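Structure file entry31.pdb with PDB, C-alpha atoms:
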ATOM      1  CA  MET A   1      65.310-127.067   6.464  1.00  0.00           C
ATOM      2  CA  THR A   2      67.571-127.580   3.484  1.00  0.00           C
ATOM      3  CA  ARG A   3      66.334-129.192   0.295  1.00  0.00           C
ATOM      4  CA  SER A   4      68.475-132.319   0.761  1.00  0.00           C
ATOM      5  CA  LEU A   5      67.130-132.824   4.288  1.00  0.00           C
ATOM      6  CA  TRP A   6      63.493-132.676   3.291  1.00  0.00           C
ATOM      7  CA  ILE A   7      64.128-134.964   0.319  1.00  0.00           C
ATOM      8  CA  THR A   8      65.821-137.419   2.677  1.00  0.00           C
ATOM      9  CA  GLY A   9      62.892-137.233   5.085  1.00  0.00           C
ATOM     10  CA  ILE A  10      60.348-137.704   2.311  1.00  0.00           C
ATOM     11  CA  THR A  11      62.206-140.686   0.826  1.00  0.00           C
ATOM     12  CA  ALA A  12      62.416-142.362   4.228  1.00  0.00           C
ATOM     13  CA  VAL A  13      58.691-141.876   4.862  1.00  0.00           C
ATOM     14  CA  LEU A  14      57.710-143.023   1.365  1.00  0.00           C
ATOM     15  CA  ALA A  15      60.029-146.056   1.448  1.00  0.00           C
ATOM     16  CA  GLY A  16      58.519-147.049   4.798  1.00  0.00           C
ATOM     17  CA  ALA A  17      54.999-146.605   3.429  1.00  0.00           C
ATOM     18  CA  VAL A  18      55.819-148.741   0.373  1.00  0.00           C
ATOM     19  CA  GLN A  19      57.247-151.463   2.629  1.00  0.00           C
ATOM     20  CA  ILE A  20      54.121-151.428   4.768  1.00  0.00           C
ATOM     21  CA  GLY A  21      52.027-151.699   1.618  1.00  0.00           C
ATOM     22  CA  LEU A  22      54.151-154.617   0.382  1.00  0.00           C
ATOM     23  CA  SER A  23      53.706-156.385   3.715  1.00  0.00           C
ATOM     24  CA  TYR A  24      49.918-156.142   3.377  1.00  0.00           C
ATOM     25  CA  ILE A  25      49.991-157.865  -0.001  1.00  0.00           C
ATOM     26  CA  ARG A  26      52.411-160.441   1.400  1.00  0.00           C
ATOM     27  CA  ALA A  27      55.160-159.680  -1.095  1.00  0.00           C
ATOM     28  CA  ALA A  28      57.778-161.264   1.168  1.00  0.00           C
ATOM     29  CA  ARG A  29      57.089-164.657  -0.353  1.00  0.00           C
ATOM     30  CA  TYR A  30      58.838-163.446  -3.506  1.00  0.00           C
ATOM     31  CA  ALA A  31      62.072-162.912  -1.613  1.00  0.00           C
ATOM     32  CA  ALA A  32      62.934-166.560  -2.284  1.00  0.00           C
ATOM     33  CA  ILE A  33      63.645-165.503  -5.875  1.00  0.00           C
ATOM     34  CA  PHE A  34      67.011-164.138  -4.762  1.00  0.00           C
ATOM     35  CA  PRO A  35      69.691-166.850  -4.444  1.00  0.00           C
ATOM     36  CA  ALA A  36      71.021-167.430  -0.916  1.00  0.00           C
ATOM     37  CA  ALA A  37      74.582-166.621  -2.014  1.00  0.00           C
ATOM     38  CA  VAL A  38      73.524-163.195  -3.273  1.00  0.00           C
ATOM     39  CA  VAL A  39      71.681-162.410  -0.048  1.00  0.00           C
ATOM     40  CA  GLU A  40      74.553-163.629   2.141  1.00  0.00           C
ATOM     41  CA  GLY A  41      77.016-161.616   0.042  1.00  0.00           C
ATOM     42  CA  MET A  42      74.884-158.490   0.444  1.00  0.00           C
ATOM     43  CA  LEU A  43      74.644-158.981   4.214  1.00  0.00           C
ATOM     44  CA  ALA A  44      78.409-159.528   4.439  1.00  0.00           C
ATOM     45  CA  ALA A  45      79.067-156.375   2.392  1.00  0.00           C
ATOM     46  CA  ILE A  46      76.739-154.322   4.587  1.00  0.00           C
ATOM     47  CA  GLY A  47      78.435-155.684   7.709  1.00  0.00           C
ATOM     48  CA  MET A  48      81.916-154.908   6.409  1.00  0.00           C
ATOM     49  CA  LEU A  49      80.866-151.388   5.443  1.00  0.00           C
ATOM     50  CA  ILE A  50      79.418-150.782   8.907  1.00  0.00           C
ATOM     51  CA  ILE A  51      82.636-152.023  10.518  1.00  0.00           C
ATOM     52  CA  VAL A  52      84.980-149.790   8.477  1.00  0.00           C
ATOM     53  CA  LYS A  53      82.725-146.755   8.955  1.00  0.00           C
ATOM     54  CA  GLN A  54      83.063-147.242  12.739  1.00  0.00           C
ATOM     55  CA  LEU A  55      86.873-147.371  12.713  1.00  0.00           C
ATOM     56  CA  PRO A  56      87.256-143.583  13.213  1.00  0.00           C
ATOM     57  CA  SER A  57      85.029-143.788  16.299  1.00  0.00           C
ATOM     58  CA  LEU A  58      87.001-146.768  17.609  1.00  0.00           C
ATOM     59  CA  ILE A  59      90.418-145.153  17.292  1.00  0.00           C
ATOM     60  CA  GLY A  60      89.272-141.656  18.256  1.00  0.00           C
ATOM     61  CA  HIS A  61      90.604-139.933  15.150  1.00  0.00           C
ATOM     62  CA  PRO A  62      88.675-138.787  12.058  1.00  0.00           C
ATOM     63  CA  TYR A  63      89.427-140.172   8.606  1.00  0.00           C
ATOM     64  CA  LYS A  64      89.521-138.265   5.341  1.00  0.00           C
ATOM     65  CA  ALA A  65      88.120-141.312   3.513  1.00  0.00           C
ATOM     66  CA  HIS A  66      84.573-141.660   2.234  1.00  0.00           C
ATOM     67  CA  GLU A  67      84.651-145.020   0.440  1.00  0.00           C
ATOM     68  CA  PHE A  68      85.223-148.565   1.693  1.00  0.00           C
ATOM     69  CA  PHE A  69      88.666-149.139   0.168  1.00  0.00           C
ATOM     70  CA  GLU A  70      89.775-145.592   1.061  1.00  0.00           C
ATOM     71  CA  TYR A  71      89.022-146.431   4.710  1.00  0.00           C
ATOM     72  CA  LEU A  72      91.097-149.597   4.476  1.00  0.00           C
ATOM     73  CA  LEU A  73      94.030-147.812   2.838  1.00  0.00           C
ATOM     74  CA  GLU A  74      93.944-144.962   5.361  1.00  0.00           C
ATOM     75  CA  THR A  75      93.648-147.187   8.464  1.00  0.00           C
ATOM     76  CA  PRO A  76      97.370-148.012   8.969  1.00  0.00           C
ATOM     77  CA  HIS A  77      98.264-144.308   9.041  1.00  0.00           C
ATOM     78  CA  GLU A  78      95.305-143.393  11.275  1.00  0.00           C
ATOM     79  CA  LEU A  79      96.239-146.131  13.764  1.00  0.00           C
ATOM     80  CA  THR A  80      99.463-144.248  14.472  1.00  0.00           C
ATOM     81  CA  LEU A  81      97.345-141.225  15.479  1.00  0.00           C
ATOM     82  CA  MET A  82      94.827-143.094  17.623  1.00  0.00           C
ATOM     83  CA  ASN A  83      93.633-141.864  21.008  1.00  0.00           C
ATOM     84  CA  PRO A  84      94.587-144.651  23.471  1.00  0.00           C
ATOM     85  CA  LYS A  85      91.765-143.845  25.917  1.00  0.00           C
ATOM     86  CA  VAL A  86      89.104-143.972  23.197  1.00  0.00           C
ATOM     87  CA  PHE A  87      90.570-147.139  21.676  1.00  0.00           C
ATOM     88  CA  GLY A  88      90.776-148.854  25.066  1.00  0.00           C
ATOM     89  CA  LEU A  89      87.186-147.931  25.885  1.00  0.00           C
ATOM     90  CA  GLY A  90      86.037-149.108  22.458  1.00  0.00           C
ATOM     91  CA  MET A  91      87.801-152.459  22.762  1.00  0.00           C
ATOM     92  CA  ALA A  92      86.535-152.947  26.320  1.00  0.00           C
ATOM     93  CA  SER A  93      83.004-152.176  25.109  1.00  0.00           C
ATOM     94  CA  LEU A  94      83.307-154.723  22.298  1.00  0.00           C
ATOM     95  CA  ALA A  95      84.604-157.324  24.744  1.00  0.00           C
ATOM     96  CA  MET A  96      81.690-156.596  27.111  1.00  0.00           C
ATOM     97  CA  ILE A  97      79.139-156.933  24.292  1.00  0.00           C
ATOM     98  CA  PHE A  98      80.518-160.321  23.225  1.00  0.00           C
ATOM     99  CA  THR A  99      80.867-161.535  26.811  1.00  0.00           C
ATOM    100  CA  LEU A 100      77.357-160.472  27.837  1.00  0.00           C
ATOM    101  CA  ALA A 101      75.873-161.864  24.608  1.00  0.00           C
ATOM    102  CA  SER A 102      77.420-165.268  25.336  1.00  0.00           C
ATOM    103  CA  LEU A 103      75.837-165.440  28.800  1.00  0.00           C
ATOM    104  CA  LYS A 104      72.482-167.154  29.153  1.00  0.00           C
ATOM    105  CA  ALA A 105      71.270-165.013  32.050  1.00  0.00           C
ATOM    106  CA  ARG A 106      67.539-164.352  32.223  1.00  0.00           C
ATOM    107  CA  TRP A 107      67.967-160.617  32.902  1.00  0.00           C
ATOM    108  CA  LEU A 108      69.835-160.203  29.576  1.00  0.00           C
ATOM    109  CA  LYS A 109      66.555-160.915  27.776  1.00  0.00           C
ATOM    110  CA  ILE A 110      65.040-157.893  29.500  1.00  0.00           C
ATOM    111  CA  VAL A 111      67.997-155.530  29.116  1.00  0.00           C
ATOM    112  CA  PRO A 112      70.035-156.205  25.948  1.00  0.00           C
ATOM    113  CA  PRO A 113      73.848-156.298  26.276  1.00  0.00           C
ATOM    114  CA  GLN A 114      74.194-153.319  23.935  1.00  0.00           C
ATOM    115  CA  VAL A 115      72.142-151.099  26.259  1.00  0.00           C
ATOM    116  CA  ILE A 116      74.185-152.184  29.267  1.00  0.00           C
ATOM    117  CA  VAL A 117      77.432-151.448  27.409  1.00  0.00           C
ATOM    118  CA  VAL A 118      76.199-147.998  26.312  1.00  0.00           C
ATOM    119  CA  VAL A 119      75.420-147.077  29.918  1.00  0.00           C
ATOM    120  CA  ILE A 120      78.718-148.446  31.259  1.00  0.00           C
ATOM    121  CA  GLY A 121      80.658-146.900  28.349  1.00  0.00           C
ATOM    122  CA  THR A 122      79.052-143.508  28.926  1.00  0.00           C
ATOM    123  CA  ILE A 123      79.985-143.564  32.592  1.00  0.00           C
ATOM    124  CA  ALA A 124      83.515-144.758  31.774  1.00  0.00           C
ATOM    125  CA  GLY A 125      83.858-141.997  29.152  1.00  0.00           C
ATOM    126  CA  MET A 126      82.935-139.398  31.763  1.00  0.00           C
ATOM    127  CA  MET A 127      85.422-140.864  34.219  1.00  0.00           C
ATOM    128  CA  LEU A 128      88.153-140.829  31.543  1.00  0.00           C
ATOM    129  CA  HIS A 129      87.362-137.161  30.794  1.00  0.00           C
ATOM    130  CA  LEU A 130      87.094-137.757  27.058  1.00  0.00           C
ATOM    131  CA  ARG A 131      87.058-134.687  24.826  1.00  0.00           C
ATOM    132  CA  ASP A 132      83.831-133.585  23.139  1.00  0.00           C
ATOM    133  CA  GLU A 133      85.300-134.607  19.755  1.00  0.00           C
ATOM    134  CA  ASP A 134      85.575-138.192  21.014  1.00  0.00           C
ATOM    135  CA  LEU A 135      81.905-138.408  21.936  1.00  0.00           C
ATOM    136  CA  ILE A 136      78.801-138.773  19.817  1.00  0.00           C
ATOM    137  CA  PHE A 137      77.222-135.354  19.411  1.00  0.00           C
ATOM    138  CA  VAL A 138      73.722-135.145  20.834  1.00  0.00           C
ATOM    139  CA  PRO A 139      72.095-131.709  20.729  1.00  0.00           C
ATOM    140  CA  LYS A 140      71.223-130.237  24.114  1.00  0.00           C
ATOM    141  CA  ASN A 141      67.553-129.876  23.166  1.00  0.00           C
ATOM    142  CA  PRO A 142      66.838-131.916  20.026  1.00  0.00           C
ATOM    143  CA  LEU A 143      63.128-131.082  20.075  1.00  0.00           C
ATOM    144  CA  GLU A 144      63.636-127.361  20.575  1.00  0.00           C
ATOM    145  CA  HIS A 145      61.730-126.581  17.363  1.00  0.00           C
ATOM    146  CA  GLY A 146      59.306-129.463  17.776  1.00  0.00           C
ATOM    147  CA  VAL A 147      59.014-132.319  15.326  1.00  0.00           C
ATOM    148  CA  VAL A 148      59.569-130.921  11.842  1.00  0.00           C
ATOM    149  CA  LEU A 149      57.886-132.993   9.163  1.00  0.00           C
ATOM    150  CA  PRO A 150      59.143-133.152   5.567  1.00  0.00           C
ATOM    151  CA  ASP A 151      57.618-130.721   3.069  1.00  0.00           C
ATOM    152  CA  PHE A 152      55.436-133.150   1.111  1.00  0.00           C
ATOM    153  CA  ALA A 153      53.573-130.326  -0.637  1.00  0.00           C
ATOM    154  CA  GLY A 154      56.857-128.839  -1.824  1.00  0.00           C
ATOM    155  CA  ALA A 155      57.987-132.183  -3.224  1.00  0.00           C
ATOM    156  CA  LEU A 156      54.706-132.757  -5.042  1.00  0.00           C
ATOM    157  CA  SER A 157      54.759-129.284  -6.562  1.00  0.00           C
ATOM    158  CA  ASP A 158      58.391-129.501  -7.733  1.00  0.00           C
ATOM    159  CA  ARG A 159      58.447-131.860 -10.716  1.00  0.00           C
ATOM    160  CA  SER A 160      62.256-131.779 -10.850  1.00  0.00           C
ATOM    161  CA  VAL A 161      62.449-134.001  -7.748  1.00  0.00           C
ATOM    162  CA  TRP A 162      59.877-136.592  -8.821  1.00  0.00           C
ATOM    163  CA  LEU A 163      62.262-138.868 -10.751  1.00  0.00           C
ATOM    164  CA  PRO A 164      65.093-138.742  -8.182  1.00  0.00           C
ATOM    165  CA  LEU A 165      62.553-139.245  -5.403  1.00  0.00           C
ATOM    166  CA  PHE A 166      61.008-142.253  -7.166  1.00  0.00           C
ATOM    167  CA  THR A 167      64.445-143.756  -7.876  1.00  0.00           C
ATOM    168  CA  ILE A 168      65.627-143.354  -4.294  1.00  0.00           C
ATOM    169  CA  VAL A 169      62.379-144.697  -2.807  1.00  0.00           C
ATOM    170  CA  LEU A 170      62.484-147.732  -5.117  1.00  0.00           C
ATOM    171  CA  THR A 171      66.152-148.384  -4.321  1.00  0.00           C
ATOM    172  CA  LEU A 172      65.673-148.015  -0.558  1.00  0.00           C
ATOM    173  CA  THR A 173      62.594-150.220  -0.625  1.00  0.00           C
ATOM    174  CA  MET A 174      64.354-152.985  -2.522  1.00  0.00           C
ATOM    175  CA  ILE A 175      67.581-152.889  -0.518  1.00  0.00           C
ATOM    176  CA  ASP A 176      65.930-152.548   2.875  1.00  0.00           C
ATOM    177  CA  GLY A 177      63.222-155.067   2.084  1.00  0.00           C
ATOM    178  CA  VAL A 178      65.630-157.723   0.833  1.00  0.00           C
ATOM    179  CA  GLU A 179      68.081-157.014   3.656  1.00  0.00           C
ATOM    180  CA  SER A 180      65.354-157.303   6.293  1.00  0.00           C
ATOM    181  CA  LEU A 181      63.969-160.514   4.822  1.00  0.00           C
ATOM    182  CA  ALA A 182      67.464-161.981   4.463  1.00  0.00           C
ATOM    183  CA  THR A 183      68.269-161.154   8.061  1.00  0.00           C
ATOM    184  CA  ILE A 184      65.057-162.809   9.218  1.00  0.00           C
ATOM    185  CA  ALA A 185      65.790-165.858   7.073  1.00  0.00           C
ATOM    186  CA  GLU A 186      69.345-166.113   8.466  1.00  0.00           C
ATOM    187  CA  ILE A 187      68.073-165.842  12.048  1.00  0.00           C
ATOM    188  CA  GLY A 188      65.548-168.596  11.309  1.00  0.00           C
ATOM    189  CA  ARG A 189      68.223-171.081  10.203  1.00  0.00           C
TER
END
Any chance you could put this one into C-alpha cells?
Amino acid sequence: MTRSLWITGITAVLAGAVQIGLSYIRAARYAAIFPAAVVEGMLAAIGMLIIVKQLPSLIGHPYKAHEFFEYLLETPHELTLMNPKVFGLGMASLAMIFTLASLKARWLKIVPPQVIVVVIGTIAGMMLHLRDEDLIFVPKNPLEHGVVLPDFAGALSDRSVWLPLFTIVLTLTMIDGVESLATIAEIGR
C-alpha cells in the first residue's frame, strides 16, 4: 500500500473517531454559531462541485480539468466529443430519479429511487453494449487480499506525518461535521 493511501485511510478513520467523540459530548449544539447563509453557501458550493465532477461521466468523455472553473471552461469543447449513448442513458437516469422521487408510492420508501435507477441503468448499459471506459470500474474481486487496514503503527512512528495528519483530520472533521449538521438542519426546515 502506498504512503498516500495509508495516510488517507488513517485520516478517514481518525476523522470518523473524532466525530463520534464530538457526538458523545453533544458538540452539535455549537453548530448554530455558523450563520445560515454561510452554511447554505457551503452546501451550494459542494453541490455545484459534485455536479461538475460528474459531467465527464454524463457525456462519456474524460476531461483534462481538475478544478471547478477548468471543468466549466472545458465543457463546451467536451460536449462536441460526447458519446450519445452514454449521454442518453445519463439523461434518462436523471429523469427517472426525479420522476420516481416525485411519486408518493409506498414501495419507494423501501427501495430508494436511486437504487432502482442503478439497476435499470446497469441493465440498459449492458443492452447498449457500452465500452468498458464508459462504465464505472469495479474490480473483479475487490476483497482478493482481504480487508487491508491502514498502518497506524507506521503513522505513529513517523513524526513527519503527524502535523499533516492532524491538519487533515481537523479539516475533515470540521467540514464534514458542519456539512452533516447543515444538511440535517435543512431537511428539518
Which residues of stretch 77-181 of chain A have any atom within 9 Å of an atom in stretch 6-12 of chain A when counting all atoms listed in the file, and what is the closest pair of atoms for each, with the distance in Å to one decimal? Order the rows by chain and rising number and write it as JSON lines.
{"residue": "A:Leu149", "atom": "CA", "partner": "A:Gly9", "partner_atom": "CA", "distance": 7.7}
{"residue": "A:Pro150", "atom": "CA", "partner": "A:Trp6", "partner_atom": "CA", "distance": 4.9}
{"residue": "A:Asp151", "atom": "CA", "partner": "A:Trp6", "partner_atom": "CA", "distance": 6.2}
{"residue": "A:Phe152", "atom": "CA", "partner": "A:Ile10", "partner_atom": "CA", "distance": 6.8}
{"residue": "A:Ala155", "atom": "CA", "partner": "A:Ile7", "partner_atom": "CA", "distance": 7.6}
{"residue": "A:Val161", "atom": "CA", "partner": "A:Ile7", "partner_atom": "CA", "distance": 8.3}
{"residue": "A:Leu165", "atom": "CA", "partner": "A:Thr11", "partner_atom": "CA", "distance": 6.4}
{"residue": "A:Phe166", "atom": "CA", "partner": "A:Thr11", "partner_atom": "CA", "distance": 8.2}
{"residue": "A:Ile168", "atom": "CA", "partner": "A:Thr11", "partner_atom": "CA", "distance": 6.7}
{"residue": "A:Val169", "atom": "CA", "partner": "A:Thr11", "partner_atom": "CA", "distance": 5.4}
{"residue": "A:Leu172", "atom": "CA", "partner": "A:Ala12", "partner_atom": "CA", "distance": 8.1}
Could you list the residues chosen by the PyMOL selection byres ((chain A and resi 32-39) around 12) in this structure as a PDB file with C-alpha atoms, in the frame of the given file?
ATOM      1  CA  ALA A  27      55.160-159.680  -1.095  1.00  0.00           C
ATOM      2  CA  ALA A  28      57.778-161.264   1.168  1.00  0.00           C
ATOM      3  CA  ARG A  29      57.089-164.657  -0.353  1.00  0.00           C
ATOM      4  CA  TYR A  30      58.838-163.446  -3.506  1.00  0.00           C
ATOM      5  CA  ALA A  31      62.072-162.912  -1.613  1.00  0.00           C
ATOM      6  CA  GLU A  40      74.553-163.629   2.141  1.00  0.00           C
ATOM      7  CA  GLY A  41      77.016-161.616   0.042  1.00  0.00           C
ATOM      8  CA  MET A  42      74.884-158.490   0.444  1.00  0.00           C
ATOM      9  CA  LEU A  43      74.644-158.981   4.214  1.00  0.00           C
ATOM     10  CA  ALA A  44      78.409-159.528   4.439  1.00  0.00           C
ATOM     11  CA  ALA A  45      79.067-156.375   2.392  1.00  0.00           C
ATOM     12  CA  ILE A  46      76.739-154.322   4.587  1.00  0.00           C
ATOM     13  CA  MET A 174      64.354-152.985  -2.522  1.00  0.00           C
ATOM     14  CA  ILE A 175      67.581-152.889  -0.518  1.00  0.00           C
ATOM     15  CA  ASP A 176      65.930-152.548   2.875  1.00  0.00           C
ATOM     16  CA  GLY A 177      63.222-155.067   2.084  1.00  0.00           C
ATOM     17  CA  VAL A 178      65.630-157.723   0.833  1.00  0.00           C
ATOM     18  CA  GLU A 179      68.081-157.014   3.656  1.00  0.00           C
ATOM     19  CA  SER A 180      65.354-157.303   6.293  1.00  0.00           C
ATOM     20  CA  LEU A 181      63.969-160.514   4.822  1.00  0.00           C
ATOM     21  CA  ALA A 182      67.464-161.981   4.463  1.00  0.00           C
ATOM     22  CA  THR A 183      68.269-161.154   8.061  1.00  0.00           C
ATOM     23  CA  ILE A 184      65.057-162.809   9.218  1.00  0.00           C
ATOM     24  CA  ALA A 185      65.790-165.858   7.073  1.00  0.00           C
ATOM     25  CA  GLU A 186      69.345-166.113   8.466  1.00  0.00           C
TER      26      GLU A 186
END
task = Could you state which residues are captured by the PyMOL selection byres ((chain A and resi 124-127) around 12) in this file, as a PyMOL selection string?
result = chain A and resi 85-90+92-93+117-123+128-132+134-136
message = At a cut-off of 12 Å, using all atoms listed in the file, what residues contact A:Glu67? Leave out same-chain residues fewer than 6 positions from it and give the result as a ChimeraX atom specification.
response = /A:48-50,52-53,73-74
Keeping C-alpha atoms, export the residues of the selection given above as a CSV table (one decimal), keeping the file's coordinate frame.
chain,number,residue,atom,x,y,z
A,48,MET,CA,81.9,-154.9,6.4
A,49,LEU,CA,80.9,-151.4,5.4
A,50,ILE,CA,79.4,-150.8,8.9
A,52,VAL,CA,85.0,-149.8,8.5
A,53,LYS,CA,82.7,-146.8,9.0
A,73,LEU,CA,94.0,-147.8,2.8
A,74,GLU,CA,93.9,-145.0,5.4
task = One decimal, Å: what's the distance from atom CA of A:His145 over to atom CA of A:Val18, could you say?
result = 28.5 Å
query = What is the atom CA of A:His61 to atom CA of A:Met91 distance in Å?
reply =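 Going from atom CA of A:His61 over to atom CA of A:Met91, I get 14.9 Å.
With atom CA of A:Phe68 on one side and atom CA of A:Pro56 on the other, the separation reads 12.7 Å.
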